[in-house]
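Visitor: Below you'll find target_14.cif; it's mmCIF, C-alpha atoms.
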data_my_file
#
loop_
_atom_site.label_atom_id
_atom_site.label_comp_id
_atom_site.auth_asym_id
_atom_site.auth_seq_id
_atom_site.Cartn_x
_atom_site.Cartn_y
_atom_site.Cartn_z
CA MET A 1 -3.50 1.83 12.68
CA GLN A 2 -4.40 4.76 10.47
CA LEU A 3 -1.13 6.67 10.97
CA LEU A 4 0.99 3.75 9.80
CA GLU A 5 -1.32 2.84 6.90
CA ASP A 6 -1.25 6.46 5.69
CA ARG A 7 2.53 6.51 5.88
CA ILE A 8 2.84 3.24 3.96
CA ARG A 9 0.48 4.59 1.28
CA ARG A 10 2.50 7.81 1.03
CA ASP A 11 6.09 6.58 1.30
CA GLY A 12 6.03 2.82 0.80
CA LYS A 13 7.15 1.46 -2.55
CA VAL A 14 5.50 -1.65 -3.98
CA ARG A 15 7.58 -3.87 -6.26
CA GLY A 16 5.60 -6.49 -8.12
CA THR A 17 2.90 -8.01 -5.93
CA ASP A 18 4.86 -9.05 -2.86
CA ILE A 19 7.72 -6.65 -2.11
CA LEU A 20 7.02 -3.54 -0.04
CA LYS A 21 9.91 -1.17 0.57
CA VAL A 22 9.53 0.95 3.66
CA ASP A 23 13.17 1.91 3.90
CA SER A 24 12.53 5.64 3.97
CA PHE A 25 10.89 5.49 7.41
CA LEU A 26 11.10 2.02 8.96
CA ASN A 27 14.17 -0.04 8.16
CA HIS A 28 17.02 1.94 6.65
CA GLN A 29 16.10 5.51 7.41
CA ILE A 30 14.04 5.51 10.61
CA ASP A 31 11.38 8.04 11.60
CA VAL A 32 11.73 7.92 15.36
CA GLU A 33 8.57 9.95 15.95
CA LEU A 34 6.57 7.35 14.02
CA LEU A 35 8.25 4.59 16.04
CA ASN A 36 7.09 6.31 19.21
CA ALA A 37 3.50 6.24 17.95
CA LEU A 38 3.82 2.51 17.24
CA GLY A 39 5.35 1.92 20.68
CA ARG A 40 2.48 3.74 22.40
CA GLU A 41 -0.05 1.69 20.43
CA TRP A 42 1.55 -1.64 21.39
CA ARG A 43 1.57 -0.45 25.00
CA ARG A 44 -2.16 0.27 24.77
CA LEU A 45 -2.82 -3.13 23.20
CA PHE A 46 -0.67 -5.12 25.65
CA ASP A 47 -1.49 -3.05 28.73
CA GLY A 48 -1.87 -5.16 31.87
CA CYS A 49 -0.09 -8.16 30.34
CA GLY A 50 2.91 -7.86 32.65
CA VAL A 51 5.47 -7.60 29.86
CA ASN A 52 8.93 -7.41 31.41
CA LYS A 53 11.10 -8.09 28.37
CA ILE A 54 10.97 -7.21 24.70
CA LEU A 55 12.60 -9.62 22.28
CA THR A 56 13.49 -8.79 18.69
CA ILE A 57 15.94 -9.91 16.04
CA GLU A 58 18.72 -7.94 14.41
CA ALA A 59 18.87 -5.69 12.60
CA SER A 60 15.74 -3.80 11.64
CA GLY A 61 13.71 -4.81 14.70
CA ILE A 62 16.12 -3.17 17.12
CA GLY A 63 15.02 0.43 16.68
CA LEU A 64 11.34 -0.44 17.00
CA ALA A 65 12.01 -2.58 20.06
CA CYS A 66 14.08 0.06 21.87
CA ILE A 67 11.57 2.84 21.30
CA ALA A 68 8.68 0.56 22.31
CA ALA A 69 10.52 -0.58 25.46
CA GLN A 70 10.31 2.96 26.80
CA TYR A 71 6.55 2.47 27.15
CA PHE A 72 6.95 -0.86 28.95
CA ASN A 73 9.85 0.17 31.22
CA CYS A 74 11.67 -3.02 30.43
CA PRO A 75 14.89 -4.09 28.71
CA VAL A 76 15.23 -5.21 25.11
CA VAL A 77 17.03 -8.36 24.05
CA PHE A 78 17.88 -8.78 20.40
CA ALA A 79 18.55 -12.23 18.99
CA LYS A 80 21.67 -12.39 16.88
CA LYS A 81 21.94 -13.94 13.47
CA SER A 82 25.01 -16.02 12.98
CA GLN A 83 26.35 -18.12 10.18
CA THR A 84 29.08 -19.41 12.47
CA LYS A 85 29.06 -23.17 12.71
CA ASN A 86 30.39 -23.28 16.24
CA ILE A 87 28.24 -21.26 18.57
CA ALA A 88 30.27 -20.41 21.65
CA GLY A 89 28.98 -20.06 25.17
CA ASP A 90 25.69 -20.70 26.86
CA VAL A 91 23.06 -19.73 24.36
CA TYR A 92 19.63 -20.71 23.18
CA THR A 93 19.76 -21.34 19.46
CA THR A 94 17.52 -22.21 16.57
CA LYS A 95 17.61 -22.11 12.79
CA VAL A 96 15.62 -19.59 10.79
CA GLU A 97 15.23 -19.54 7.02
CA SER A 98 15.28 -16.10 5.48
CA PHE A 99 13.18 -16.06 2.31
CA THR A 100 14.42 -12.55 1.50
CA HIS A 101 18.07 -13.55 1.62
CA GLY A 102 17.74 -17.20 0.62
CA ARG A 103 19.79 -18.40 3.58
CA VAL A 104 19.42 -20.29 6.82
CA TYR A 105 20.69 -18.48 9.89
CA ASP A 106 21.50 -19.71 13.34
CA VAL A 107 19.67 -17.33 15.64
CA ILE A 108 20.98 -17.10 19.18
CA VAL A 109 20.18 -15.51 22.53
CA SER A 110 22.41 -15.76 25.55
CA LYS A 111 20.92 -17.83 28.38
CA ASP A 112 21.78 -14.91 30.66
CA PHE A 113 19.11 -12.71 29.10
CA LEU A 114 16.04 -14.90 28.75
CA CYS A 115 14.66 -16.92 31.64
CA SER A 116 11.55 -18.53 33.07
CA ASP A 117 10.60 -15.35 34.95
CA ASP A 118 10.28 -13.41 31.72
CA ARG A 119 6.99 -12.38 30.17
CA VAL A 120 8.08 -11.62 26.66
CA LEU A 121 6.65 -9.37 23.98
CA ILE A 122 8.19 -9.93 20.55
CA ILE A 123 8.54 -6.81 18.39
CA ASP A 124 9.46 -6.88 14.72
CA ASP A 125 9.03 -4.77 11.61
CA PHE A 126 7.57 -7.36 9.23
CA LEU A 127 5.53 -10.55 9.39
CA ALA A 128 5.21 -12.52 6.17
CA ASN A 129 6.01 -16.23 6.23
CA GLY A 130 6.51 -16.09 9.98
CA ALA A 131 9.87 -17.87 9.97
CA ALA A 132 11.69 -15.27 12.08
CA LEU A 133 8.81 -14.98 14.54
CA GLU A 134 8.57 -18.75 14.95
CA GLY A 135 12.31 -18.86 15.57
CA LEU A 136 12.01 -16.29 18.35
CA ILE A 137 9.08 -18.23 19.82
CA ARG A 138 11.22 -21.38 19.91
CA LEU A 139 13.93 -19.47 21.81
CA ILE A 140 11.34 -18.27 24.33
CA GLY A 141 10.21 -21.88 24.69
CA GLN A 142 13.77 -23.09 25.29
CA ALA A 143 14.11 -20.52 28.08
CA GLY A 144 10.82 -21.55 29.67
CA ALA A 145 9.68 -17.94 29.43
CA VAL A 146 6.10 -16.84 28.80
CA LEU A 147 5.21 -15.49 25.37
CA VAL A 148 2.74 -12.65 25.85
CA GLY A 149 2.39 -11.94 22.14
CA ALA A 150 3.92 -10.27 19.14
CA GLY A 151 3.74 -6.63 18.08
CA ILE A 152 4.36 -6.31 14.36
CA ALA A 153 4.54 -3.12 12.34
CA VAL A 154 3.60 -4.45 8.89
CA GLU A 155 1.94 -7.80 8.24
CA LYS A 156 1.66 -9.15 4.73
CA ALA A 157 -1.66 -10.81 5.48
CA PHE A 158 -1.66 -12.49 2.05
CA GLN A 159 1.27 -14.62 3.23
CA PRO A 160 0.63 -17.44 5.70
CA GLY A 161 2.66 -16.50 8.81
CA GLY A 162 0.08 -14.44 10.69
CA SER A 163 -2.80 -16.87 10.18
CA ARG A 164 -0.71 -19.87 11.18
CA LEU A 165 0.48 -18.19 14.40
CA ARG A 166 -3.00 -16.99 15.38
CA GLN A 167 -4.35 -20.49 14.80
CA GLN A 168 -1.86 -21.68 17.38
CA GLY A 169 -3.41 -19.24 19.85
CA ILE A 170 -0.59 -16.73 19.71
CA ARG A 171 -1.65 -13.12 20.06
CA VAL A 172 -0.30 -11.18 17.08
CA GLU A 173 -1.00 -7.44 16.93
CA SER A 174 0.00 -6.06 13.55
CA LEU A 175 -0.46 -2.31 13.20
CA ALA A 176 -0.85 -2.42 9.43
CA ARG A 177 -2.16 -5.53 7.68
CA ILE A 178 -1.84 -5.68 3.93
CA LYS A 179 -4.51 -7.71 2.18
CA SER A 180 -3.00 -7.32 -1.29
CA MET A 181 -0.69 -5.05 -3.18
CA ASP A 182 0.29 -4.37 -6.72
CA GLU A 183 2.82 -2.07 -8.27
CA LYS A 184 0.18 -0.58 -10.54
CA THR A 185 -2.95 -0.48 -8.41
CA GLY A 186 -1.39 0.12 -4.99
CA ILE A 187 -2.03 -1.33 -1.56
CA VAL A 188 -5.24 -2.69 -0.05
CA PHE A 189 -5.26 -2.99 3.75
CA CYS A 190 -7.36 -5.53 5.63
CA MET B 1 30.39 10.09 32.05
CA GLN B 2 30.15 8.72 35.57
CA LEU B 3 26.90 6.80 35.07
CA LEU B 4 28.30 4.80 32.16
CA GLU B 5 31.68 4.20 33.79
CA ASP B 6 29.94 2.93 36.93
CA ARG B 7 27.78 0.60 34.88
CA ILE B 8 30.78 -0.75 32.97
CA ARG B 9 32.62 -1.35 36.26
CA ARG B 10 29.60 -3.15 37.69
CA ASP B 11 28.33 -5.18 34.74
CA GLY B 12 31.09 -5.18 32.12
CA LYS B 13 33.18 -8.30 31.76
CA VAL B 14 36.84 -8.03 30.85
CA ARG B 15 38.42 -10.89 28.89
CA GLY B 16 42.21 -10.76 28.69
CA THR B 17 43.43 -7.19 28.19
CA ASP B 18 41.39 -6.09 25.20
CA ILE B 19 37.91 -7.60 25.17
CA LEU B 20 35.15 -5.88 27.11
CA LYS B 21 31.74 -7.51 27.12
CA VAL B 22 28.87 -5.13 27.75
CA ASP B 23 26.19 -7.40 26.42
CA SER B 24 24.06 -7.28 29.56
CA PHE B 25 23.18 -3.62 29.02
CA LEU B 26 24.48 -2.27 25.70
CA ASN B 27 24.62 -4.68 22.78
CA HIS B 28 22.64 -7.86 23.31
CA GLN B 29 20.39 -7.01 26.20
CA ILE B 30 19.76 -3.25 26.12
CA ASP B 31 18.99 -1.01 29.10
CA VAL B 32 16.84 1.61 27.41
CA GLU B 33 16.90 3.91 30.44
CA LEU B 34 20.71 4.00 30.27
CA LEU B 35 20.51 4.70 26.53
CA ASN B 36 18.29 7.68 27.26
CA ALA B 37 20.94 9.07 29.62
CA LEU B 38 23.58 8.67 26.91
CA GLY B 39 21.29 10.34 24.35
CA ARG B 40 20.71 13.32 26.63
CA GLU B 41 24.44 13.68 27.19
CA TRP B 42 25.23 13.66 23.44
CA ARG B 43 22.50 16.24 22.97
CA ARG B 44 24.15 18.44 25.62
CA LEU B 45 27.57 18.01 23.99
CA PHE B 46 26.40 18.63 20.43
CA ASP B 47 23.82 21.30 21.27
CA GLY B 48 23.70 24.10 18.71
CA CYS B 49 25.53 22.06 16.06
CA GLY B 50 22.48 21.82 13.80
CA VAL B 51 22.46 18.03 13.67
CA ASN B 52 19.64 16.94 11.34
CA LYS B 53 20.58 13.29 10.82
CA ILE B 54 22.06 10.52 12.93
CA LEU B 55 24.06 7.86 11.13
CA THR B 56 25.00 4.51 12.63
CA ILE B 57 25.86 1.02 11.46
CA GLU B 58 23.98 -2.19 12.06
CA ALA B 59 23.38 -3.89 14.33
CA SER B 60 24.38 -2.73 17.82
CA GLY B 61 24.45 0.99 17.00
CA ILE B 62 20.79 1.10 16.02
CA GLY B 63 19.26 1.15 19.49
CA LEU B 64 21.63 3.87 20.70
CA ALA B 65 21.00 5.94 17.59
CA CYS B 66 17.20 5.69 17.78
CA ILE B 67 17.04 6.64 21.43
CA ALA B 68 19.52 9.51 20.90
CA ALA B 69 17.59 10.78 17.86
CA GLN B 70 14.65 11.60 20.14
CA TYR B 71 16.80 14.36 21.67
CA PHE B 72 17.77 15.77 18.26
CA ASN B 73 14.32 15.50 16.62
CA CYS B 74 15.86 14.00 13.54
CA PRO B 75 15.78 10.71 11.64
CA VAL B 76 18.27 7.87 11.97
CA VAL B 77 19.94 6.19 9.03
CA PHE B 78 21.72 2.93 9.62
CA ALA B 79 24.37 1.75 7.19
CA LYS B 80 23.96 -1.87 6.18
CA LYS B 81 26.67 -4.47 6.16
CA SER B 82 26.65 -6.65 3.11
CA GLN B 83 28.83 -9.44 1.86
CA THR B 84 26.97 -9.38 -1.43
CA LYS B 85 29.31 -8.83 -4.36
CA ASN B 86 26.74 -7.05 -6.47
CA ILE B 87 25.31 -4.08 -4.66
CA ALA B 88 22.02 -3.17 -6.26
CA GLY B 89 20.60 0.30 -6.66
CA ASP B 90 21.84 3.79 -5.98
CA VAL B 91 23.98 3.52 -2.90
CA TYR B 92 27.08 4.97 -1.35
CA THR B 93 29.42 2.14 -0.50
CA THR B 94 32.75 1.50 1.14
CA LYS B 95 34.68 -1.41 2.58
CA VAL B 96 35.17 -1.86 6.32
CA GLU B 97 37.37 -4.42 7.98
CA SER B 98 35.94 -5.96 11.13
CA PHE B 99 38.74 -6.99 13.47
CA THR B 100 36.23 -8.72 15.74
CA HIS B 101 34.87 -10.93 12.98
CA GLY B 102 37.98 -11.12 10.79
CA ARG B 103 36.07 -10.11 7.66
CA VAL B 104 35.75 -7.26 5.22
CA TYR B 105 32.23 -5.94 4.74
CA ASP B 106 30.74 -3.75 2.08
CA VAL B 107 28.92 -1.04 4.00
CA ILE B 108 26.16 0.74 2.15
CA VAL B 109 23.75 3.64 2.51
CA SER B 110 21.08 4.49 -0.04
CA LYS B 111 21.70 7.78 -1.83
CA ASP B 112 18.10 8.69 -0.97
CA PHE B 113 18.93 9.03 2.73
CA LEU B 114 22.19 10.97 2.87
CA CYS B 115 22.67 14.23 1.00
CA SER B 116 24.60 17.49 0.93
CA ASP B 117 22.02 19.24 3.14
CA ASP B 118 22.67 16.83 5.97
CA ARG B 119 24.60 17.73 9.13
CA VAL B 120 25.41 14.29 10.44
CA LEU B 121 26.16 12.99 13.91
CA ILE B 122 27.55 9.46 13.93
CA ILE B 123 26.50 7.33 16.90
CA ASP B 124 28.05 3.95 17.74
CA ASP B 125 28.58 1.71 20.71
CA PHE B 126 32.33 1.10 20.44
CA LEU B 127 35.40 2.85 19.10
CA ALA B 128 38.61 0.82 18.99
CA ASN B 129 40.57 0.69 15.73
CA GLY B 130 38.19 3.16 14.15
CA ALA B 131 37.55 1.13 11.01
CA ALA B 132 33.75 1.29 11.19
CA LEU B 133 33.77 4.99 12.05
CA GLU B 134 36.13 5.81 9.19
CA GLY B 135 33.88 3.84 6.84
CA LEU B 136 30.85 5.90 7.90
CA ILE B 137 32.89 9.10 7.47
CA ARG B 138 33.75 8.06 3.91
CA LEU B 139 30.04 7.53 3.16
CA ILE B 140 29.27 11.01 4.53
CA GLY B 141 32.04 12.36 2.28
CA GLN B 142 30.61 10.61 -0.77
CA ALA B 143 27.24 12.24 -0.06
CA GLY B 144 28.80 15.68 0.34
CA ALA B 145 27.19 15.91 3.76
CA VAL B 146 28.71 17.68 6.77
CA LEU B 147 30.16 15.55 9.54
CA VAL B 148 29.36 17.25 12.84
CA GLY B 149 31.11 14.63 14.96
CA ALA B 150 30.81 11.22 16.52
CA GLY B 151 29.12 10.20 19.75
CA ILE B 152 30.59 6.97 21.05
CA ALA B 153 29.50 5.04 24.12
CA VAL B 154 32.74 3.17 24.92
CA GLU B 155 36.15 4.06 23.54
CA LYS B 156 39.07 1.72 23.99
CA ALA B 157 41.53 4.61 24.24
CA PHE B 158 44.46 2.18 24.26
CA GLN B 159 43.66 1.37 20.65
CA PRO B 160 44.50 3.89 17.94
CA GLY B 161 41.13 4.83 16.38
CA GLY B 162 40.13 7.73 18.62
CA SER B 163 43.55 9.46 18.53
CA ARG B 164 43.82 9.13 14.77
CA LEU B 165 40.37 10.62 14.18
CA ARG B 166 40.90 13.51 16.59
CA GLN B 167 44.23 14.28 14.90
CA GLN B 168 42.25 14.71 11.69
CA GLY B 169 40.17 17.36 13.42
CA ILE B 170 37.11 15.18 13.88
CA ARG B 171 35.13 15.79 17.02
CA VAL B 172 34.77 12.49 18.89
CA GLU B 173 32.78 12.49 22.12
CA SER B 174 33.18 9.16 23.91
CA LEU B 175 31.17 8.87 27.10
CA ALA B 176 33.49 6.29 28.66
CA ARG B 177 37.16 6.12 27.67
CA ILE B 178 39.11 3.09 28.79
CA LYS B 179 42.81 3.68 29.36
CA SER B 180 43.60 0.07 30.13
CA MET B 181 41.92 -3.08 31.31
CA ASP B 182 42.87 -6.43 32.63
CA GLU B 183 40.85 -9.47 33.58
CA LYS B 184 42.54 -9.59 36.99
CA THR B 185 42.98 -5.94 37.96
CA GLY B 186 39.93 -4.45 36.25
CA ILE B 187 39.35 -1.32 34.22
CA VAL B 188 41.15 2.04 34.36
CA PHE B 189 39.29 4.94 32.74
CA CYS B 190 41.04 7.97 31.23
#
Render the structure in this file as structure tokens.
Guide:
Amino acid sequence: MQLLEDRIRRDGKVRGTDILKVDSFLNHQIDVELLNALGREWRRLFDGCGVNKILTIEASGIGLACIAAQYFNCPVVFAKKSQTKNIAGDVYTTKVESFTHGRVYDVIVSKDFLCSDDRVLIIDDFLANGAALEGLIRLIGQAGAVLVGAGIAVEKAFQPGGSRLRQQGIRVESLARIKSMDEKTGIVFC
Amino acid sequence: MQLLEDRIRRDGKVRGTDILKVDSFLNHQIDVELLNALGREWRRLFDGCGVNKILTIEASGIGLACIAAQYFNCPVVFAKKSQTKNIAGDVYTTKVESFTHGRVYDVIVSKDFLCSDDRVLIIDDFLANGAALEGLIRLIGQAGAVLVGAGIAVEKAFQPGGSRLRQQGIRVESLARIKSMDEKTGIVFC
């Protein structure tokens, strides 16, 4: 998506060859007008797929998911990260390793908010190793819900998550796919 | 606000006399249509105040803030909670005690995204003891920005945060104010 690629080129900050900071418009400060453009694009891509729930994970996916949900007329559910050992109540739960933070989280969704009638679109800001996305997919599986696909803002296509998920037949629509990046020479999109 | 009070009466779950669960529509599953109604109401209340930035805190404030920001045509900044001892980079930071989680968090905002030109509206889902709100107000103070006020979805008016802030001259607009609640007898609004 040209609009997002242009914005990443203009305002994204590359650190080394694998860190991209987009915190001026996507995940610390948020440009809500840009988010609306992304939401409309996911709607166009997943039109006719019967999406009736959007699933994301706290924290930076929540804004994207809520704005996008306006174009699908459906609720958002955000999975919660917990380091609590004892998970209370009736929840679906799985473990997700965060490479950024070097931790393993329990990720949970209440059984009240994900069920076998749901046709779920996952929305998230980044796809790199795919650990978070695979965790959300496991939760959808536990609920017996249908995974329609995943709408991602920025995919680091030089990391293995996207390829591995597509090989499993999962529809992943990333609006900007980065082939390579370097602090000195900049970003190359796919 | 009648719409929100009605929704809390219908779908909120009272536990004991001080816990209100609104996770079916506000902070786990999110009813984006309801959030739009709240956003429009804050816009009406803070019309003409020159708001050019909305500040919230992760995670459950983010959806509310992003939807509301559409009515103010301004960006959202969400403060990040961190338990990291060493905060890296140029950030404003303060400590906030979470009564819910029994922890003290470092709460941070990058200096790039809050400045003395900003007229800031704080948006959050709950106001009870006021600790999170006061933390955000300190960050706004550190940046030399102007605090326009706070838009809160649900205020537990039987807890001291709202009164204390209003006594300091801070404009707090809570769309549902709970006077008392009880698992057996239900909720009384102010």
Visitor: Using only C-alpha atoms, pick whichever of A:His101, A:Arg43, A:Arg164, A:Lys80 has the shortest atom-to-atom distance to Asn129 of chain A.
Guide: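 Closest candidate: A:Arg164.
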Visitor: Given the file shown, determine the residues that the PyMOL selection byres ((chain B) within 10 of (chain A)) selects; report them as JSON, numbers by chain.
Guide: {"B": [23, 24, 25, 26, 27, 28, 29, 30, 31, 32, 33, 35, 36, 53, 54, 55, 57, 58, 59, 60, 61, 62, 63, 64, 65, 66, 67, 68, 69, 70, 73, 74, 75, 76, 77, 78, 79, 80, 109, 110, 112, 113, 114]}
Visitor: Kindly save the residues from that selection, with C-alpha atoms included, as a PDB file, keeping the file's coordinate frame.
Guide:
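Below you can see part.pdb, which holds the result:
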ATOM      1  CA  ASP B  23      26.190  -7.400  26.420  1.00  0.00           C
ATOM      2  CA  SER B  24      24.060  -7.280  29.560  1.00  0.00           C
ATOM      3  CA  PHE B  25      23.180  -3.620  29.020  1.00  0.00           C
ATOM      4  CA  LEU B  26      24.480  -2.270  25.700  1.00  0.00           C
ATOM      5  CA  ASN B  27      24.620  -4.680  22.780  1.00  0.00           C
ATOM      6  CA  HIS B  28      22.640  -7.860  23.310  1.00  0.00           C
ATOM      7  CA  GLN B  29      20.390  -7.010  26.200  1.00  0.00           C
ATOM      8  CA  ILE B  30      19.760  -3.250  26.120  1.00  0.00           C
ATOM      9  CA  ASP B  31      18.990  -1.010  29.100  1.00  0.00           C
ATOM     10  CA  VAL B  32      16.840   1.610  27.410  1.00  0.00           C
ATOM     11  CA  GLU B  33      16.900   3.910  30.440  1.00  0.00           C
ATOM     12  CA  LEU B  35      20.510   4.700  26.530  1.00  0.00           C
ATOM     13  CA  ASN B  36      18.290   7.680  27.260  1.00  0.00           C
ATOM     14  CA  LYS B  53      20.580  13.290  10.820  1.00  0.00           C
ATOM     15  CA  ILE B  54      22.060  10.520  12.930  1.00  0.00           C
ATOM     16  CA  LEU B  55      24.060   7.860  11.130  1.00  0.00           C
ATOM     17  CA  ILE B  57      25.860   1.020  11.460  1.00  0.00           C
ATOM     18  CA  GLU B  58      23.980  -2.190  12.060  1.00  0.00           C
ATOM     19  CA  ALA B  59      23.380  -3.890  14.330  1.00  0.00           C
ATOM     20  CA  SER B  60      24.380  -2.730  17.820  1.00  0.00           C
ATOM     21  CA  GLY B  61      24.450   0.990  17.000  1.00  0.00           C
ATOM     22  CA  ILE B  62      20.790   1.100  16.020  1.00  0.00           C
ATOM     23  CA  GLY B  63      19.260   1.150  19.490  1.00  0.00           C
ATOM     24  CA  LEU B  64      21.630   3.870  20.700  1.00  0.00           C
ATOM     25  CA  ALA B  65      21.000   5.940  17.590  1.00  0.00           C
ATOM     26  CA  CYS B  66      17.200   5.690  17.780  1.00  0.00           C
ATOM     27  CA  ILE B  67      17.040   6.640  21.430  1.00  0.00           C
ATOM     28  CA  ALA B  68      19.520   9.510  20.900  1.00  0.00           C
ATOM     29  CA  ALA B  69      17.590  10.780  17.860  1.00  0.00           C
ATOM     30  CA  GLN B  70      14.650  11.600  20.140  1.00  0.00           C
ATOM     31  CA  ASN B  73      14.320  15.500  16.620  1.00  0.00           C
ATOM     32  CA  CYS B  74      15.860  14.000  13.540  1.00  0.00           C
ATOM     33  CA  PRO B  75      15.780  10.710  11.640  1.00  0.00           C
ATOM     34  CA  VAL B  76      18.270   7.870  11.970  1.00  0.00           C
ATOM     35  CA  VAL B  77      19.940   6.190   9.030  1.00  0.00           C
ATOM     36  CA  PHE B  78      21.720   2.930   9.620  1.00  0.00           C
ATOM     37  CA  ALA B  79      24.370   1.750   7.190  1.00  0.00           C
ATOM     38  CA  LYS B  80      23.960  -1.870   6.180  1.00  0.00           C
ATOM     39  CA  VAL B 109      23.750   3.640   2.510  1.00  0.00           C
ATOM     40  CA  SER B 110      21.080   4.490  -0.040  1.00  0.00           C
ATOM     41  CA  ASP B 112      18.100   8.690  -0.970  1.00  0.00           C
ATOM     42  CA  PHE B 113      18.930   9.030   2.730  1.00  0.00           C
ATOM     43  CA  LEU B 114      22.190  10.970   2.870  1.00  0.00           C
TER      44      LEU B 114
END
Visitor: Convert the output of the PyMOL selection byres ((chain A and resi 189) around 10) on the shown file into explicit residues, formatted as a PyMOL selection string.
Guide: chain A and resi 5+9+155-157+176-181+187-188+190
Visitor: What is the atom CA of Leu165 of chain A-atom CA of Asp117 of chain A distance in Å, reported with one decimal?
Guide: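 Rounded to one decimal, the two atoms are 23.1 Å apart.
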Visitor: When you count only C-alpha atoms, which of these residues is closest to Ser116 of chain B: B:Gln167, B:Ala131, B:Ala145, B:Leu38?
Guide: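 Ranking B:Gln167, B:Ala131, B:Ala145, B:Leu38 by distance to Ser116 of chain B, first place goes to B:Ala145.
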Visitor: When the PyMOL selection byres ((chain B and resi 107) around 9) is applied to the structure above, which residues does it catch, written out as a ChimeraX atom specification?
Guide: /B:57,79-83,92-96,105-106,108-109,132,135-136,139
Visitor: As an exercise, work out the distance from atom CA of Leu147 of chain A to atom CA of Leu4 of chain A in Å and give it to one decimal place.
Guide: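 Calculated distance between atom CA of Leu147 of chain A and atom CA of Leu4 of chain A is 25.1 Å.
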Visitor: For Asp182 of chain B, which residue out of B:Arg166, B:Arg40, B:Lys13, B:Arg119 is the nearest one, using only C-alpha atoms?
Guide: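 Among B:Arg166, B:Arg40, B:Lys13, B:Arg119, it is B:Lys13 that comes nearest to Asp182 of chain B.
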